[in-house]
Amino acid sequence: MSTKLTIGKGINAGLRRAMEADPKVLIMGEDVGKLGGVFRVTDGLHKDFGADRVIDTPLAESGIIGTAIGLALRGYRPVCEIQFDGFFFPATNQTFTQLAKMHRRAAGKVKLPVVIRIPYGGGIGAVEHHSESPEAYFAHTAGLRVITVANAVDSYWMIQQAIASDDPVVFFEPKRRYYEKAEVDTEAPLHTATPMGSARIARPGADATLLAYGPMVKTALQAAEADTDHSIEVIDLRSLAPVDYDTVVESVKRTGRLIVTHEAPLTSGLGAEIAARVTEACFYHLESPVIRVAAFDTPYPQSRLEEHYLPDLDRVLDGVDRAFAF
Amino acid sequence: MSNNTAHEEPELVQLLTPEGVFTEHPDYPLDIDPEELRGLYRDLVMVRRVDTEAVALQRQGELGLWASLLGQEAAQIGSGRALRPDDMAFPSYREHGVAWCRGIEPRELLGMFRGVTNGGWDPAEHGFHLYTIVIGSQALHATGYAMGVQRDGSVGEDGAAVIAYFGDGATSQGDTNEAFNFAAVNHAPVVFFCQNNQWAISEPLERQSRVPLYKRAAGFGFPGVRVDGNDVLACLAVTRAALNSAREGQGPTLIEAFTYRMGAHTTNDDPSRYRVSAELEEWERKDPIQRLRTYLEKEGIADEAFFAEVEADADKLGERVRHECRTMSDPDPLDIFNEVYAEPNVHIDRQRAEFADYLASFEDSGAEGGR
Ligand SMILES: Cc1ncc(C[n+]2csc(CCOP(=O)(O)OP(=O)(O)O)c2C)c(N)n1
């Protein structure tokens, strides 16, 4: 059955289906119960699955991730909601020193199927700590899988794939795109969905590859549309760790140019890593250096300046122009 | 969740009943003159007005967000007026009343919630640190600051003390509990002032604690006291005593101001999804402003003319707040690069210059926003 869903509703429907399929799936976080989360992503789940499966936790992120590890050790599959990107940091110790490493430390004897959902990114006019893009920290940490979605089809399927994964998965939700809609076939079997580890060609093209993920995919598609002089291929990366280099490299070999864009600051961002890898793999195919269009290396600014801080259509097009200027 | 004692009928320090009747408290004598009493009333009315205006301004799209202090005025004014100039306060994000006591202009607060600044005032000048949004963080800052005060030898009758503000939800954070412990083992001159407004967004106190919050202090080895958070006189007396005990080298105190969040958590929140209106009505009867007014009237400490004058001043303040908010200009785009580092930084300078060129390219082409 095909239904029109927003990204937020897609996650909600995916969570519901995963909870119905497996009684070990738990939701936990601040305000996820009666309120349904501050973005209402868990709306209705508390009512239907009860307080033992949708757990309103004390206000403590380290506590959320640390107890999720314990629940996972006991055979549960916790899905933790972190309220906003900037509030993840109290949980860094549990995530980076414990969650990410335990499988290896136990030589594979311990599995930690924990999902950490983090609404991230800017563009909603919020006060500080509510607009950050911390994905690079996670991608830098071995043992974690990091994914993000750009449309409702992916939000519905990828949350289920994340829950089904035996690895810890960090699931980034682009909060300014929560209300983007798409047709989703909600009844297809899970195994038929595009695997969460793969990138997706969101728009085919021949002259340059424009790579984006999460909130920037929409902007990238708009830029490709706006540039009538060139045929731009847009890749929606989807998986930030590991990156699906096969799809990226294949595309760049065809187009000869790569522009990477993300909301996170430029320096040591994911774009830097991708630029290095692609340069190695495609050196003789490249017509220009890999161009990055990212946010500045400054703290996320006060909201009245965020339109300048976030790469917008013009900045992305400027990046495309720079690639063609070589 | 049975047997939860977090709501246990409190041993509440109260000087002024909801009906406006004053009773002395044996442990917390209050030395206060009529002028100060009228001043407290004025403060309460003024900060409520700032709050009302800010909520309205948010509704009109002038502010991105506002965290209302409605109902918590007494806890903030009582504790804020207990501070001396050399004392230092570490707020979270709802302490507009304490900010008022520390001489922070309402427009500074509005600027932050409008998205024009990220704070901006000089904490040292006001003895009032920046608002801290990441829950619990400031409790440790306050404790470290207090350890500094201690090392400076700034103790005794004319010494300085420190106060940290946070909510009931914040008591669940590791940082807050670590602060309690650091303060205790170091005997730091810090007062932890918890405004227990019963809710952390949608989560009631029962989701944070099985015991009354003030009792936590005992486990860390320092005194805890619960005060009627809607009684400005009790909040003043109890906070004064705790600050004095801190400055005289007696170490930390935890004050739990038992109060209620009358409004939504912030203007983004919808409390009708999780709480019942009976609760609201119960707390409306305990309103901090009305009870002080009744007392002042009954005791002849203030007359009609005074109340009318305060009302007129509040109107003037309201007008000023609206005007200052609406006419606040957006910062220059290049402000993004300001003050990222304390020392010159070539990397930031280069990014700033590149962005300036980029912005100028639109001016040259005469187009607003390019293509
Ligand atoms: C570390 C962290 N986690 C989550 C949040 C989101 N958040 C903002 S306010 C709030 C509730 C705070 O409740 P409480 O401490 O009782 O203070 P109150 O707002 O009631 O004054 C939450 C969960 C945050 N700001 N920081």
# chains A, B, ... in the order shown; residues from 1 in each chain; ligands from 1
$ residues_near_ligand --ligand "ligand 1" --cutoff "6 Å" --atoms "only C-alpha atoms and all ligand atoms" --output "PyMOL selection string"
(chain A and resi 59+83+87) or (chain B and resi 133-135+166-170+197+199-201+265)
$ write_last_selection --atoms "all heavy atoms" --output "CSV table (one decimal), in the first residue's frame"
chain,number,residue,atom,x,y,z
A,59,LEU,N,16.4,13.1,32.7
A,59,LEU,CA,17.0,14.0,31.8
A,59,LEU,C,18.6,13.8,31.8
A,59,LEU,O,19.2,14.6,32.5
A,59,LEU,CB,16.6,15.4,32.2
A,59,LEU,CG,16.7,16.5,31.2
A,59,LEU,CD1,16.2,17.8,31.8
A,59,LEU,CD2,18.0,16.7,30.5
A,83,GLN,N,17.4,14.6,22.1
A,83,GLN,CA,16.5,15.6,21.7
A,83,GLN,C,16.9,16.5,20.6
A,83,GLN,O,16.2,16.8,19.6
A,83,GLN,CB,16.1,16.4,22.9
A,83,GLN,CG,14.7,16.9,22.9
A,83,GLN,CD,14.2,17.1,24.3
A,83,GLN,OE1,14.7,18.0,25.0
A,83,GLN,NE2,13.2,16.4,24.7
A,87,PHE,N,22.7,18.3,22.3
A,87,PHE,CA,22.6,17.7,23.6
A,87,PHE,C,23.1,16.2,23.6
A,87,PHE,O,22.9,15.5,24.6
A,87,PHE,CB,21.1,17.7,24.1
A,87,PHE,CG,20.5,19.1,24.0
A,87,PHE,CD1,19.2,19.3,23.7
A,87,PHE,CD2,21.4,20.2,24.2
A,87,PHE,CE1,18.7,20.6,23.6
A,87,PHE,CE2,20.9,21.5,24.2
A,87,PHE,CZ,19.5,21.7,23.8
B,133,ILE,N,22.4,26.5,28.0
B,133,ILE,CA,21.2,25.8,27.5
B,133,ILE,C,21.4,24.3,27.7
B,133,ILE,O,20.5,23.5,27.9
B,133,ILE,CB,20.9,26.1,26.1
B,133,ILE,CG1,20.4,27.6,26.0
B,133,ILE,CG2,19.9,25.2,25.4
B,133,ILE,CD1,20.2,28.1,24.7
B,134,VAL,N,22.7,23.8,27.6
B,134,VAL,CA,22.9,22.4,27.8
B,134,VAL,C,22.8,22.1,29.3
B,134,VAL,O,23.6,22.5,30.1
B,134,VAL,CB,24.3,22.0,27.3
B,134,VAL,CG1,24.5,20.5,27.4
B,134,VAL,CG2,24.5,22.4,25.8
B,135,ILE,N,21.7,21.3,29.6
B,135,ILE,CA,21.3,21.1,31.0
B,135,ILE,C,22.4,20.6,31.9
B,135,ILE,O,23.0,19.6,31.7
B,135,ILE,CB,20.1,20.1,31.0
B,135,ILE,CG1,18.9,20.6,30.1
B,135,ILE,CG2,19.6,19.9,32.5
B,135,ILE,CD1,18.2,21.7,30.6
B,166,PHE,N,19.3,25.9,38.4
B,166,PHE,CA,18.9,24.8,37.5
B,166,PHE,C,17.5,24.3,37.8
B,166,PHE,O,17.0,24.7,38.9
B,166,PHE,CB,19.9,23.7,37.4
B,166,PHE,CG,20.3,23.2,38.8
B,166,PHE,CD1,19.6,22.3,39.5
B,166,PHE,CD2,21.5,23.7,39.4
B,166,PHE,CE1,19.9,21.8,40.8
B,166,PHE,CE2,21.9,23.2,40.7
B,166,PHE,CZ,21.1,22.3,41.3
B,167,GLY,N,17.0,23.5,37.0
B,167,GLY,CA,15.6,23.0,37.2
B,167,GLY,C,15.6,21.6,37.8
B,167,GLY,O,16.7,21.0,38.0
B,168,ASP,N,14.4,21.1,38.0
B,168,ASP,CA,14.3,19.7,38.6
B,168,ASP,C,14.8,18.7,37.6
B,168,ASP,O,15.5,17.7,38.1
B,168,ASP,CB,12.8,19.4,39.0
B,168,ASP,CG,11.9,19.9,37.9
B,168,ASP,OD1,11.8,21.1,37.7
B,168,ASP,OD2,11.1,19.1,37.3
B,169,GLY,N,14.6,18.9,36.4
B,169,GLY,CA,15.1,17.9,35.4
B,169,GLY,C,16.6,17.8,35.4
B,169,GLY,O,17.2,16.7,35.3
B,170,ALA,N,17.3,18.9,35.7
B,170,ALA,CA,18.7,19.0,35.6
B,170,ALA,C,19.4,18.2,36.7
B,170,ALA,O,20.5,17.8,36.7
B,170,ALA,CB,19.2,20.5,35.8
B,197,ASN,N,10.0,23.3,39.3
B,197,ASN,CA,8.7,23.7,38.8
B,197,ASN,C,7.9,22.6,38.3
B,197,ASN,O,7.0,22.7,37.6
B,197,ASN,CB,9.0,24.8,37.6
B,197,ASN,CG,9.6,24.1,36.4
B,197,ASN,OD1,9.8,22.9,36.3
B,197,ASN,ND2,10.0,25.0,35.5
B,199,TRP,N,8.1,20.2,36.3
B,199,TRP,CA,8.1,19.6,34.9
B,199,TRP,C,9.4,19.9,34.3
B,199,TRP,O,10.0,20.9,34.4
B,199,TRP,CB,7.0,20.2,34.1
B,199,TRP,CG,5.6,19.9,34.5
B,199,TRP,CD1,4.8,20.6,35.4
B,199,TRP,CD2,4.9,18.7,34.2
B,199,TRP,NE1,3.6,19.9,35.6
B,199,TRP,CE2,3.7,18.7,34.8
B,199,TRP,CE3,5.2,17.6,33.4
B,199,TRP,CZ2,2.7,17.7,34.7
B,199,TRP,CZ3,4.2,16.5,33.3
B,199,TRP,CH2,3.0,16.6,33.9
B,200,ALA,N,9.9,18.8,33.5
B,200,ALA,CA,11.0,19.0,32.6
B,200,ALA,C,10.4,18.7,31.2
B,200,ALA,O,10.1,17.6,30.9
B,200,ALA,CB,12.1,18.0,32.9
B,201,ILE,N,10.1,19.8,30.5
B,201,ILE,CA,9.2,19.7,29.3
B,201,ILE,C,8.0,18.8,29.7
B,201,ILE,O,7.2,19.3,30.6
B,201,ILE,CB,9.9,19.2,28.1
B,201,ILE,CG1,11.3,20.0,27.8
B,201,ILE,CG2,9.0,19.4,26.8
B,201,ILE,CD1,11.9,19.7,26.5
B,265,HIS,N,6.6,24.9,28.5
B,265,HIS,CA,8.1,24.9,28.8
B,265,HIS,C,8.8,26.0,28.0
B,265,HIS,O,9.6,26.7,28.6
B,265,HIS,CB,8.6,23.5,28.3
B,265,HIS,CG,10.1,23.4,28.2
B,265,HIS,ND1,10.9,23.5,29.4
B,265,HIS,CD2,10.9,23.4,27.2
B,265,HIS,CE1,12.2,23.4,29.0
B,265,HIS,NE2,12.2,23.4,27.7
$ interface_residues --of "chain A" --to "chain B" --cutoff "8 Å" --atoms "only C-alpha atoms" --output "short mmCIF file (atom, residue, chain, number, x, y, z; two decimals) with C-alpha atoms, in the first residue's frame"
data_model
loop_
_atom_site.label_atom_id
_atom_site.label_comp_id
_atom_site.auth_asym_id
_atom_site.auth_seq_id
_atom_site.Cartn_x
_atom_site.Cartn_y
_atom_site.Cartn_z
CA GLU A 30 13.45 12.50 27.04
CA ASP A 31 9.79 13.34 26.38
CA LYS A 34 3.03 11.26 26.20
CA LEU A 35 4.47 14.21 24.34
CA VAL A 38 9.65 17.41 20.80
CA ASP A 56 10.47 8.42 29.29
CA THR A 57 13.96 8.59 30.75
CA PRO A 58 15.38 10.96 33.32
CA LEU A 59 17.04 14.00 31.78
CA ALA A 60 20.48 12.45 31.28
CA GLU A 61 21.97 11.56 27.91
CA SER A 62 24.85 9.56 29.33
CA GLY A 86 23.83 19.80 20.72
CA PHE A 87 22.58 17.68 23.61
CA GLY A 125 15.62 29.58 13.58
CA ALA A 126 16.53 27.95 16.88
CA VAL A 127 18.70 29.16 19.77
CA GLU A 128 22.19 27.76 20.18
CA HIS A 129 22.91 24.02 20.49
CA PHE A 296 32.28 28.01 8.01
CA ASP A 297 34.74 26.93 10.67
CA THR A 298 32.92 28.92 13.30
CA PRO A 299 30.39 28.02 15.95
CA PRO A 301 25.82 31.49 14.61
CA GLN A 302 22.82 33.19 16.12
CA SER A 303 19.75 32.31 14.04
CA ARG A 304 19.51 35.71 12.35
CA LEU A 305 22.71 34.82 10.50
CA HIS A 308 24.55 33.12 5.60
CA TYR A 309 26.17 30.27 7.45
CA ASP A 314 23.76 30.20 -4.46
#
$ select_by_dssp --residues "range 68-294 of chain A" --states "alpha helix (DSSP H)" --output "PyMOL selection string"
chain A and resi 68-73+92+102-105+135-139+152-164+216-226+245-255+270-282
$ atom_distance --atom1 "CA of Leu16 in chain B" --atom2 "CA of Asp231 in chain B"
6.0 Å
$ select_by_dssp --residues "range 22-235 of chain A" --states "strand (DSSP E)" --output "MDAnalysis selection string"
chainID A and resid 25:29 54:56 77:81 115:120 145:148 169:174 181:185 200:203 208:212 232:235
$ residues_around --residues "Asn186 in chain B" --least-positions-apart "2" --cutoff "8 Å" --atoms "only C-alpha atoms" --output "list in words"
Met147, Phe182, Ala183, Ala184, Ala188 and Gly251 of chain B
$ atom_distance --atom1 "CA of Val217 in chain A" --atom2 "CA of Asp236 in chain A"
6.1 Å
